[in-house]
There are 2 protein chains.
Amino acid sequence: MKNRPKILVTNDDGIFAPGIFALWEAMTEIGEVTVVAPDTEKSAVGHAITLIDPIRVQEVRRKDGFVGFAVKGTPADCVKIAIRSLMESTPDIVISGINSGANVGNDIIYSGTVSAATEGTILGIPSIAISLSAFKNRDWVSPMVVAKTVVKKVIVNGLPLGTLLNVNVPNIPIESIKGYKITTQGNSVFRDHFEKREDPRGRTYYWMTGRVVVDSDKNTDSNAIQNHYISITPIHYQLTEESFLKTLESWKF
Amino acid sequence: MKNRPKILVTNDDGIFAPGIFALWEAMTEIGEVTVVAPDTEKSAVGHAITLIDPIRVQEVRRKDGFVGFAVKGTPADCVKIAIRSLMESTPDIVISGINSGANVGNDIIYSGTVSAATEGTILGIPSIAISLSAFKNRDWVSPMVVAKTVVKKVIVNGLPLGTLLNVNVPNIPIESIKGYKITTQGNSVFRDHFEKREDPRGRTYYWMTGRVVVDSDKNTDSNAIQNHYISITPIHYQLTEESFLKTLESWKF
């Protein structure tokens with residue numbers, strides 16, 4: 001393994017989220033860390049980039065030596081600006097997280113955490129997204145251990161161009177985790193529902209609510225987590241549905 | 001073809017953009033149209049959804065009988081709320097656009113136009129994204145004709161579950177267009193660069209600039225447009241990189 005790799009740490013929960021602090025702490029043990037993250041929570045922004053507004057960057061210093069750049073922008077913006085402008089040299093690896101809440105199934109296309117890693121991949125850097133499967137009572141120890149393990153493996157083995165790793169960790173003590181599973185993106189979906197309400201001035205507004213419907217295929221990301229495994233899904237961003245090209249040709253436009 | 005299909009029209013340039021007006025006009029010729037679109041421009045929001053804020057909806061009436069719902073939310077929000085709450089019955093088809101500017105290559109993962117169609121697909125409805133390859137001096141006639149042609153074909157033939165169509169139209173008169181090409185997502189990328197500036201109060205800010213680098217593979221979306229063809233790319237949102245699963249297994253986590 002390369003001595004002290006340069007690691008870019010980012011996330012979508014914002015620079016003040018506990019998950020990025022945990023990730024920073026884990027990464028400082030194995031490399032030189034630069035933190036560049038959104039100044040506020042950017043969950044579910046998808047792979048957004050900021051074209052219309054100027055991007056502002058501010059240095060943030062926290063306890064225990066945590067130093068980072070807070071960016072008025074999206075996770076993808078953070079990775080772009082870190083690599084193009086803020087870092088003196090290109091990082092060896094980009095890691096995004098530790099997200100609060102799993103990023104599995106179809107929800108990964110909404111995920112700011114995954115989008116930051118996708119951006120790193122587009123820029124040619126091996127990239128990882130890591131999420132913890134819980135929104136409260138979060139135990140950061142397991143994902144910190146997992147982050148170190150996965151980063152070390154990626155530094156040693158590399159990743160193919162255009163492929164990133166989406167890692168999800170169940171929110172249980174490390175000793176209860178059954179191991180790692182190489183998985184596929186499942187078809188779990190968020191069955192949404194809109195709750196219609198009226199504000200004090202009589203105007204209608206809606207809240208999105210819903211529940212996650214999990215698929216039954218046992219090789220999927222969501223299934224692995226439910227069964228107390230860490231899931232690692234290799235993902236890409238080549239969206240062509242090759243299998244439908246021929247049929248579409250036969251439509252004779 | 002089904003008599004007067006129910007068509008949901010949306011976009012990411014906002015309900016007051018000329019492109020959605022053109023699309024509405026074209027679609028009213030062939031079906032019963034409901035327009036549900038963001039109240040302001042949402043370009044490059046990716047596949048964002050609104051979880052933190054309430055969603056507000058307002059009716060918009062414009063000249064020529066254009067009626068629509070303006071949603072304080074993203075394109076994906078619009079499709080969700082249209083289908084779950086605003087429309088009386090499920091639409092037969094979702095069409096998003098006509099976007100100002102092509103959505104080709106890797107940029108489709110940033111695209112709000114595509115994300116709206118992806119959302120329709122996730123909800124089980126045949127969906128299409130359509131974009132015009134220009135930001136100014138736009139000729140809406142060609143994409144209007146194309147939108148009608150593609151919608152009719154999709155109504156007749158259907159689309160496989162999980163597959164949507166990403167359509168791009170060159171900004172030239174209809175008689176100069178050479179025809180349709182079934183294409184793949186190219187690797188054209190936006191080579192970004194951040195211009196560092198100082199505001200009047202001495203604080204640093206950045207503007208993202210850059211240029212598109214086009215790939216040379218002749219079957220791609222961007223190549224088709226450059227050569228005066230309409231491109232139709234079938235796309236999906238199953239991101240698993242199957243070819244890397246075995247290698248990843250061999251890493252022995």
# chains A, B, ... in the order shown; residues from 1 in each chain; ligands from 1
$ select_by_dssp --residues "stretch 7-224 of chain B" --states "helix (DSSP H, G or I)" --output "number ranges by chain"
B: 18-28, 63-65, 75-86, 105-110, 112-122, 141-157, 174-176, 221-224
$ interface_residues --of "chain A" --to "chain B" --cutoff "7 Å" --atoms "only C-alpha atoms" --output "number ranges by chain"
A: 44-49, 51, 54-57, 81, 84-85, 109-110, 163, 180, 182, 184-185, 193-194, 204-208, 233-241, 244-245, 248-249, 253
$ write_last_selection --atoms "N, CA and C atoms" --output "tab-separated table (two decimals), in the first residue's frame"
chain	number	residue	atom	x	y	z
A	44	ALA	N	-30.42	13.90	-0.84
A	44	ALA	CA	-31.35	13.76	-1.97
A	44	ALA	C	-31.29	14.91	-2.95
A	45	VAL	N	-30.10	15.47	-3.16
A	45	VAL	CA	-29.96	16.45	-4.23
A	45	VAL	C	-29.61	15.78	-5.55
A	46	GLY	N	-29.39	14.45	-5.50
A	46	GLY	CA	-29.01	13.74	-6.71
A	46	GLY	C	-27.67	14.26	-7.19
A	47	HIS	N	-27.43	14.06	-8.49
A	47	HIS	CA	-26.14	14.46	-9.02
A	47	HIS	C	-26.21	15.90	-9.53
A	48	ALA	N	-26.55	16.80	-8.63
A	48	ALA	CA	-26.72	18.19	-9.03
A	48	ALA	C	-25.37	18.89	-9.13
A	49	ILE	N	-25.29	19.85	-10.01
A	49	ILE	CA	-24.14	20.76	-10.02
A	49	ILE	C	-24.66	22.19	-10.09
A	51	LEU	N	-24.67	25.70	-11.56
A	51	LEU	CA	-24.27	26.44	-12.74
A	51	LEU	C	-24.69	27.90	-12.64
A	54	PRO	N	-22.75	31.62	-8.04
A	54	PRO	CA	-21.32	31.49	-7.72
A	54	PRO	C	-21.17	30.52	-6.54
A	55	ILE	N	-20.03	29.89	-6.43
A	55	ILE	CA	-19.79	28.93	-5.35
A	55	ILE	C	-18.87	29.57	-4.33
A	56	ARG	N	-19.28	29.58	-3.06
A	56	ARG	CA	-18.46	30.15	-2.00
A	56	ARG	C	-17.85	29.04	-1.16
A	57	VAL	N	-16.63	29.29	-0.70
A	57	VAL	CA	-15.90	28.29	0.07
A	57	VAL	C	-15.39	28.95	1.35
A	81	ILE	N	-14.66	21.10	-7.23
A	81	ILE	CA	-13.88	22.26	-6.81
A	81	ILE	C	-12.67	21.83	-5.98
A	84	ARG	N	-10.24	20.46	-8.74
A	84	ARG	CA	-9.82	21.47	-9.71
A	84	ARG	C	-9.14	22.68	-9.07
A	85	SER	N	-9.52	23.02	-7.84
A	85	SER	CA	-9.02	24.28	-7.29
A	85	SER	C	-8.43	24.21	-5.88
A	109	ILE	N	-29.96	6.49	-7.09
A	109	ILE	CA	-29.98	7.54	-8.12
A	109	ILE	C	-30.35	8.90	-7.55
A	110	TYR	N	-30.91	8.93	-6.35
A	110	TYR	CA	-31.22	10.20	-5.69
A	110	TYR	C	-30.07	10.65	-4.79
A	163	THR	N	-15.96	2.84	-12.71
A	163	THR	CA	-16.62	2.03	-11.69
A	163	THR	C	-16.32	2.58	-10.30
A	180	TYR	N	-18.65	-9.28	4.87
A	180	TYR	CA	-18.90	-8.46	3.68
A	180	TYR	C	-19.65	-9.29	2.64
A	182	ILE	N	-20.56	-8.97	-1.60
A	182	ILE	CA	-20.54	-8.24	-2.86
A	182	ILE	C	-21.95	-8.35	-3.43
A	184	THR	N	-25.61	-6.56	-5.63
A	184	THR	CA	-26.13	-5.78	-6.76
A	184	THR	C	-27.10	-4.72	-6.23
A	185	GLN	N	-27.31	-3.70	-7.04
A	185	GLN	CA	-28.31	-2.68	-6.69
A	185	GLN	C	-29.69	-3.33	-6.71
A	193	HIS	N	-45.98	8.89	-0.85
A	193	HIS	CA	-47.36	9.28	-0.64
A	193	HIS	C	-47.31	10.74	-0.24
A	194	PHE	N	-48.24	11.54	-0.70
A	194	PHE	CA	-48.22	12.95	-0.35
A	194	PHE	C	-49.36	13.27	0.60
A	204	THR	N	-52.85	25.41	0.35
A	204	THR	CA	-52.53	23.99	0.36
A	204	THR	C	-51.02	23.75	0.28
A	205	TYR	N	-50.53	22.78	1.02
A	205	TYR	CA	-49.17	22.32	0.81
A	205	TYR	C	-49.13	20.81	1.04
A	206	TYR	N	-48.02	20.18	0.66
A	206	TYR	CA	-47.91	18.73	0.72
A	206	TYR	C	-46.63	18.32	1.45
A	207	TRP	N	-46.70	17.23	2.19
A	207	TRP	CA	-45.49	16.61	2.72
A	207	TRP	C	-45.33	15.26	2.05
A	208	MET	N	-44.10	14.95	1.66
A	208	MET	CA	-43.88	13.61	1.13
A	208	MET	C	-43.61	12.66	2.28
A	233	THR	N	-21.47	-2.72	-3.48
A	233	THR	CA	-21.97	-2.83	-4.85
A	233	THR	C	-21.10	-2.00	-5.79
A	234	PRO	N	-20.51	-2.65	-6.81
A	234	PRO	CA	-19.78	-1.86	-7.81
A	234	PRO	C	-20.81	-1.20	-8.73
A	235	ILE	N	-20.72	0.10	-8.92
A	235	ILE	CA	-21.69	0.76	-9.80
A	235	ILE	C	-21.01	1.62	-10.87
A	236	HIS	N	-21.76	1.92	-11.89
A	236	HIS	CA	-21.27	2.72	-13.01
A	236	HIS	C	-22.29	3.80	-13.34
A	237	TYR	N	-22.04	4.55	-14.38
A	237	TYR	CA	-22.99	5.60	-14.78
A	237	TYR	C	-23.18	5.59	-16.29
A	238	GLN	N	-23.04	4.39	-16.86
A	238	GLN	CA	-23.33	4.20	-18.28
A	238	GLN	C	-24.76	3.66	-18.33
A	239	LEU	N	-25.69	4.50	-18.71
A	239	LEU	CA	-27.11	4.18	-18.54
A	239	LEU	C	-27.77	3.56	-19.77
A	240	THR	N	-27.02	3.39	-20.86
A	240	THR	CA	-27.63	2.82	-22.07
A	240	THR	C	-28.24	1.45	-21.79
A	241	GLU	N	-29.49	1.25	-22.17
A	241	GLU	CA	-30.13	-0.06	-22.04
A	241	GLU	C	-29.85	-0.83	-23.34
A	244	PHE	N	-32.22	-3.12	-25.37
A	244	PHE	CA	-33.42	-2.60	-26.04
A	244	PHE	C	-33.09	-1.90	-27.36
A	245	LEU	N	-31.79	-1.80	-27.68
A	245	LEU	CA	-31.38	-1.06	-28.88
A	245	LEU	C	-31.98	-1.67	-30.15
A	248	LEU	N	-35.71	-1.14	-30.55
A	248	LEU	CA	-35.97	0.26	-30.89
A	248	LEU	C	-35.67	0.53	-32.37
A	249	GLU	N	-34.62	-0.13	-32.87
A	249	GLU	CA	-34.31	-0.01	-34.31
A	249	GLU	C	-35.50	-0.50	-35.14
A	253	PHE	N	-38.26	4.52	-37.08
A	253	PHE	CA	-38.56	5.96	-36.99
A	253	PHE	C	-38.34	6.63	-38.35
$ closest_residue --among "B:Leu8, B:Ile95, B:Ala22, B:Val114" --to "B:Asp139" --atoms "only C-alpha atoms"
B:Ala22
$ atom_distance --atom1 "atom CA of A:Ala224" --atom2 "atom CA of A:Arg211"
18.7 Å
$ residues_around --residues "B:Ile225" --least-positions-apart "2" --cutoff "10 Å" --atoms "only C-alpha atoms" --output "ChimeraX atom specification"
/B:102,104,132-133,168-171,177-178,180-181,220-223,227-231
$ write_last_selection --atoms "N, CA and C atoms" --output "mmCIF file, in the first residue's frame"
data_model
loop_
_atom_site.group_PDB
_atom_site.id
_atom_site.type_symbol
_atom_site.label_atom_id
_atom_site.label_comp_id
_atom_site.auth_asym_id
_atom_site.auth_seq_id
_atom_site.Cartn_x
_atom_site.Cartn_y
_atom_site.Cartn_z
ATOM 1 N N ALA B 102 -28.895 20.253 -25.109
ATOM 2 C CA ALA B 102 -28.888 18.795 -25.242
ATOM 3 C C ALA B 102 -28.631 18.117 -23.893
ATOM 4 N N VAL B 104 -26.881 14.814 -23.255
ATOM 5 C CA VAL B 104 -26.162 13.705 -23.875
ATOM 6 C C VAL B 104 -24.946 13.328 -23.038
ATOM 7 N N LEU B 132 -33.660 19.954 -26.851
ATOM 8 C CA LEU B 132 -33.253 20.626 -28.082
ATOM 9 C C LEU B 132 -31.818 21.104 -27.886
ATOM 10 N N SER B 133 -30.998 20.833 -28.889
ATOM 11 C CA SER B 133 -29.567 21.074 -28.753
ATOM 12 C C SER B 133 -29.160 22.542 -28.942
ATOM 13 N N ASN B 168 -32.850 13.554 -28.209
ATOM 14 C CA ASN B 168 -32.204 14.849 -28.436
ATOM 15 C C ASN B 168 -32.380 15.265 -29.890
ATOM 16 N N VAL B 169 -32.711 16.529 -30.075
ATOM 17 C CA VAL B 169 -33.029 17.042 -31.406
ATOM 18 C C VAL B 169 -32.058 18.172 -31.757
ATOM 19 N N PRO B 170 -31.426 18.083 -32.939
ATOM 20 C CA PRO B 170 -30.536 19.182 -33.345
ATOM 21 C C PRO B 170 -31.354 20.445 -33.632
ATOM 22 N N ASN B 171 -30.773 21.591 -33.369
ATOM 23 C CA ASN B 171 -31.495 22.855 -33.549
ATOM 24 C C ASN B 171 -31.383 23.366 -34.981
ATOM 25 N N ILE B 177 -33.023 18.053 -41.055
ATOM 26 C CA ILE B 177 -32.708 16.906 -40.200
ATOM 27 C C ILE B 177 -32.638 15.640 -41.060
ATOM 28 N N LYS B 178 -31.554 14.852 -40.837
ATOM 29 C CA LYS B 178 -31.313 13.701 -41.720
ATOM 30 C C LYS B 178 -32.138 12.470 -41.347
ATOM 31 N N TYR B 180 -33.736 9.815 -37.835
ATOM 32 C CA TYR B 180 -33.576 9.367 -36.458
ATOM 33 C C TYR B 180 -32.404 8.396 -36.364
ATOM 34 N N LYS B 181 -31.689 8.428 -35.245
ATOM 35 C CA LYS B 181 -30.654 7.418 -34.989
ATOM 36 C C LYS B 181 -30.875 6.837 -33.598
ATOM 37 N N THR B 220 -22.912 7.286 -30.761
ATOM 38 C CA THR B 220 -23.355 7.986 -29.553
ATOM 39 C C THR B 220 -24.379 9.078 -29.843
ATOM 40 N N ASP B 221 -25.053 9.462 -28.758
ATOM 41 C CA ASP B 221 -26.047 10.533 -28.811
ATOM 42 C C ASP B 221 -25.449 11.843 -29.343
ATOM 43 N N SER B 222 -24.317 12.258 -28.768
ATOM 44 C CA SER B 222 -23.752 13.557 -29.147
ATOM 45 C C SER B 222 -23.319 13.564 -30.607
ATOM 46 N N ASN B 223 -22.792 12.436 -31.044
ATOM 47 C CA ASN B 223 -22.351 12.339 -32.431
ATOM 48 C C ASN B 223 -23.519 12.438 -33.412
ATOM 49 N N ASN B 227 -24.159 15.390 -36.285
ATOM 50 C CA ASN B 227 -24.323 15.050 -37.694
ATOM 51 C C ASN B 227 -25.751 15.248 -38.202
ATOM 52 N N HIS B 228 -26.511 16.073 -37.464
ATOM 53 C CA HIS B 228 -27.859 16.485 -37.888
ATOM 54 C C HIS B 228 -28.901 15.372 -37.847
ATOM 55 N N TYR B 229 -28.689 14.397 -36.946
ATOM 56 C CA TYR B 229 -29.701 13.375 -36.712
ATOM 57 C C TYR B 229 -30.380 13.621 -35.353
ATOM 58 N N ILE B 230 -31.600 13.131 -35.225
ATOM 59 C CA ILE B 230 -32.270 13.072 -33.926
ATOM 60 C C ILE B 230 -31.732 11.822 -33.223
ATOM 61 N N SER B 231 -31.325 11.932 -31.984
ATOM 62 C CA SER B 231 -30.846 10.736 -31.274
ATOM 63 C C SER B 231 -31.904 10.235 -30.301
#
$ closest_residue --among "B:Ala147, B:Ile125, B:Val79, B:Ala116" --to "B:Leu161" --atoms "only C-alpha atoms"
B:Ile125
$ select_by_dssp --residues "stretch 11-208 of chain B" --states "strand (DSSP E or B)" --output "PyMOL selection string"
chain B and resi 32-38+55-61+67-71+93-100+127-132+164-169+179-182+184+189-198+204-208
$ decode --residues "stretch 66-89 of chain A" --atoms "N, CA and C atoms" --output "PDB file, in the first residue's frame"
ATOM      1  N   PHE A  66      -9.882  18.776  13.313  1.00  0.00           N
ATOM      2  CA  PHE A  66     -10.657  18.675  12.076  1.00  0.00           C
ATOM      3  C   PHE A  66     -10.626  20.005  11.325  1.00  0.00           C
ATOM      4  N   VAL A  67     -10.067  20.005  10.130  1.00  0.00           N
ATOM      5  CA  VAL A  67     -10.063  21.195   9.281  1.00  0.00           C
ATOM      6  C   VAL A  67     -10.728  20.818   7.963  1.00  0.00           C
ATOM      7  N   GLY A  68     -11.563  21.679   7.455  1.00  0.00           N
ATOM      8  CA  GLY A  68     -12.207  21.360   6.185  1.00  0.00           C
ATOM      9  C   GLY A  68     -12.662  22.604   5.467  1.00  0.00           C
ATOM     10  N   PHE A  69     -13.096  22.409   4.217  1.00  0.00           N
ATOM     11  CA  PHE A  69     -13.662  23.503   3.444  1.00  0.00           C
ATOM     12  C   PHE A  69     -15.165  23.294   3.332  1.00  0.00           C
ATOM     13  N   ALA A  70     -15.925  24.304   3.750  1.00  0.00           N
ATOM     14  CA  ALA A  70     -17.382  24.253   3.616  1.00  0.00           C
ATOM     15  C   ALA A  70     -17.748  24.960   2.321  1.00  0.00           C
ATOM     16  N   VAL A  71     -18.454  24.272   1.452  1.00  0.00           N
ATOM     17  CA  VAL A  71     -18.777  24.791   0.127  1.00  0.00           C
ATOM     18  C   VAL A  71     -20.265  25.073   0.031  1.00  0.00           C
ATOM     19  N   LYS A  72     -20.611  26.246  -0.458  1.00  0.00           N
ATOM     20  CA  LYS A  72     -22.010  26.561  -0.731  1.00  0.00           C
ATOM     21  C   LYS A  72     -22.348  25.909  -2.058  1.00  0.00           C
ATOM     22  N   GLY A  73     -22.581  24.632  -2.033  1.00  0.00           N
ATOM     23  CA  GLY A  73     -22.828  23.915  -3.273  1.00  0.00           C
ATOM     24  C   GLY A  73     -23.223  22.486  -2.958  1.00  0.00           C
ATOM     25  N   THR A  74     -23.315  21.684  -3.990  1.00  0.00           N
ATOM     26  CA  THR A  74     -23.748  20.295  -3.844  1.00  0.00           C
ATOM     27  C   THR A  74     -22.540  19.380  -3.615  1.00  0.00           C
ATOM     28  N   PRO A  75     -22.791  18.100  -3.271  1.00  0.00           N
ATOM     29  CA  PRO A  75     -21.670  17.152  -3.138  1.00  0.00           C
ATOM     30  C   PRO A  75     -20.819  17.050  -4.416  1.00  0.00           C
ATOM     31  N   ALA A  76     -21.470  17.035  -5.573  1.00  0.00           N
ATOM     32  CA  ALA A  76     -20.708  16.968  -6.829  1.00  0.00           C
ATOM     33  C   ALA A  76     -19.853  18.220  -7.014  1.00  0.00           C
ATOM     34  N   ASP A  77     -20.416  19.379  -6.672  1.00  0.00           N
ATOM     35  CA  ASP A  77     -19.635  20.622  -6.701  1.00  0.00           C
ATOM     36  C   ASP A  77     -18.388  20.505  -5.836  1.00  0.00           C
ATOM     37  N   CYS A  78     -18.584  19.947  -4.632  1.00  0.00           N
ATOM     38  CA  CYS A  78     -17.467  19.831  -3.672  1.00  0.00           C
ATOM     39  C   CYS A  78     -16.304  19.049  -4.263  1.00  0.00           C
ATOM     40  N   VAL A  79     -16.624  17.938  -4.908  1.00  0.00           N
ATOM     41  CA  VAL A  79     -15.572  17.091  -5.472  1.00  0.00           C
ATOM     42  C   VAL A  79     -14.885  17.801  -6.633  1.00  0.00           C
ATOM     43  N   LYS A  80     -15.680  18.420  -7.484  1.00  0.00           N
ATOM     44  CA  LYS A  80     -15.126  19.166  -8.619  1.00  0.00           C
ATOM     45  C   LYS A  80     -14.178  20.262  -8.140  1.00  0.00           C
ATOM     46  N   ILE A  81     -14.661  21.096  -7.226  1.00  0.00           N
ATOM     47  CA  ILE A  81     -13.876  22.256  -6.809  1.00  0.00           C
ATOM     48  C   ILE A  81     -12.672  21.830  -5.975  1.00  0.00           C
ATOM     49  N   ALA A  82     -12.814  20.744  -5.213  1.00  0.00           N
ATOM     50  CA  ALA A  82     -11.677  20.234  -4.432  1.00  0.00           C
ATOM     51  C   ALA A  82     -10.544  19.847  -5.368  1.00  0.00           C
ATOM     52  N   ILE A  83     -10.893  19.088  -6.398  1.00  0.00           N
ATOM     53  CA  ILE A  83      -9.877  18.540  -7.298  1.00  0.00           C
ATOM     54  C   ILE A  83      -9.354  19.602  -8.262  1.00  0.00           C
ATOM     55  N   ARG A  84     -10.238  20.461  -8.741  1.00  0.00           N
ATOM     56  CA  ARG A  84      -9.825  21.473  -9.713  1.00  0.00           C
ATOM     57  C   ARG A  84      -9.137  22.680  -9.075  1.00  0.00           C
ATOM     58  N   SER A  85      -9.523  23.017  -7.840  1.00  0.00           N
ATOM     59  CA  SER A  85      -9.023  24.280  -7.286  1.00  0.00           C
ATOM     60  C   SER A  85      -8.435  24.214  -5.882  1.00  0.00           C
ATOM     61  N   LEU A  86      -9.066  23.485  -4.973  1.00  0.00           N
ATOM     62  CA  LEU A  86      -8.666  23.602  -3.570  1.00  0.00           C
ATOM     63  C   LEU A  86      -7.466  22.734  -3.192  1.00  0.00           C
ATOM     64  N   MET A  87      -7.345  21.543  -3.781  1.00  0.00           N
ATOM     65  CA  MET A  87      -6.251  20.640  -3.420  1.00  0.00           C
ATOM     66  C   MET A  87      -5.012  20.940  -4.268  1.00  0.00           C
ATOM     67  N   GLU A  88      -3.863  20.835  -3.631  1.00  0.00           N
ATOM     68  CA  GLU A  88      -2.627  21.143  -4.354  1.00  0.00           C
ATOM     69  C   GLU A  88      -2.290  20.082  -5.391  1.00  0.00           C
ATOM     70  N   SER A  89      -2.611  18.818  -5.067  1.00  0.00           N
ATOM     71  CA  SER A  89      -2.426  17.759  -6.066  1.00  0.00           C
ATOM     72  C   SER A  89      -3.632  16.826  -6.027  1.00  0.00           C
TER      73      SER A  89
END
